[in-house]
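Asker: So that we are looking at the same thing, I have put the structure below in structure tokens.
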Amino acid sequence: MIDDNGARAARKSILYTATRLVFGAWFLFSGAEYFSPFDLQPLGHTPLAREFTLALIHSGLFAIIKVVEVVVGALLLMNRAILPASLATVPLTTVIAYWNFVLDPGIVEYVFGTLTVIMNAFLLWPYRSELLALLRWSNAIPSEN
């Protein structure tokens, strides 16, 4: 019989895997659909959201963003390079949240923005000690032992 800590760890593992798969599939789809002929990319409901999205598209930056989304999504779905993939989504998550909360607010947008931030943070949480080590305020070069 699994003890309480074992059951809790199993639930966390299942939740982490589900989050990784949903986030990965979401990013893979969002990136890949841009290159499809179906024109599913939402431009937004407000003039500012449309202007922002169209500026990204016309500048060519949107294509780069979508390639990153495809790569990150594939890595997350394959359970490979989770830390670098999750870190690569932080700037994307920031822009997605800004777009959903500021440029094109609405109930659905708030949900998508919130879920994006929560899932990205959840994927990074197990690596918090490694990430906090990057914030050390020291100019000393680590010794090679």
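Residues are named by chain letter and number: chains run A, B, ... in the order of the structure tokens, numbers start at 1 in each chain, and ligands are numbered from 1 in the order shown.
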Among the residues of segment 4-111 of chain A, find those DSSP assigns to helix (DSSP H, G or I) from the backbone and print them as a count of residues only.
Answerer: 88
Asker: Work out how far apart atom CA of Arg20 of chain A and atom CA of Arg128 of chain A are and give it in Å to one decimal.
Answerer: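 Taking atom CA of Arg20 of chain A as the start and atom CA of Arg128 of chain A as the end point, the length is 16.4 Å.
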Asker: Identify, on the basis of only C-alpha atoms, every residue whose closest approach to segment 82-98 of chain A does not exceed 7 Å; exclude the query and any residue fewer than 4 positions from it along the same chain; express the result as a PyMOL selection string.
Answerer: chain A and resi 72+75-76+102-103+113+116-117+120+123-124
Asker: For each of A:Thr53, A:Ser30, A:Ala7, A:Leu43, take the minimum atom-to-atom distance to Lys66 of chain A, counting only C-alpha atoms, then give the residue where this is smallest.
Answerer: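 Result for the nearest residue to Lys66 of chain A: A:Ser30.
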Asker: Could you work out how far atom CA of Leu56 of chain A lies from atom CA of Ala25 of chain A, giving the answer in Å with one decimal?
Answerer: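 Value for the atom CA of Ala25 of chain A-atom CA of Leu56 of chain A distance: 22.6 Å.
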Asker: Would you list the contacts of Val67 of chain A as a PyMOL selection string, taking every protein, DNA or RNA residue within 8 Å and counting only C-alpha atoms, but skipping same-chain residues closer than 3 positions in sequence?
Answerer: chain A and resi 31-32+63-64+70-71
Asker: Store the residues picked out above in a file with C-alpha atoms, as a PDB file, in the first residue's frame.
Answerer:
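Listing of out.pdb after writing:
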```
ATOM      1  CA  GLY A  31       2.756  27.493 -33.508  1.00  0.00           C
ATOM      2  CA  ALA A  32       1.846  25.027 -36.257  1.00  0.00           C
ATOM      3  CA  ALA A  63       6.929  33.621 -37.714  1.00  0.00           C
ATOM      4  CA  ILE A  64       9.951  33.361 -35.401  1.00  0.00           C
ATOM      5  CA  VAL A  70       6.505  24.544 -32.345  1.00  0.00           C
ATOM      6  CA  VAL A  71       9.949  23.578 -31.033  1.00  0.00           C
TER       7      VAL A  71
END
```
Asker: Have a look at A:Thr17, A:Phe23, A:Gly44, A:Phe62 and name the one nearest to Gly106 of chain A; count only C-alpha atoms.
Answerer: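 Result for the nearest residue to Gly106 of chain A: A:Gly44.
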Asker: Take atom CA of Ala121 of chain A and atom CA of Ala18 of chain A and report the distance between them in Å, one decimal.
Answerer: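 Atom-to-atom, atom CA of Ala121 of chain A and atom CA of Ala18 of chain A are spaced 14.1 Å apart.
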Asker: Taking only C-alpha atoms into account, which of A:Phe122, A:Val111, A:Glu33, A:Ala81 comes nearest Lys12 of chain A?
Answerer: A:Phe122
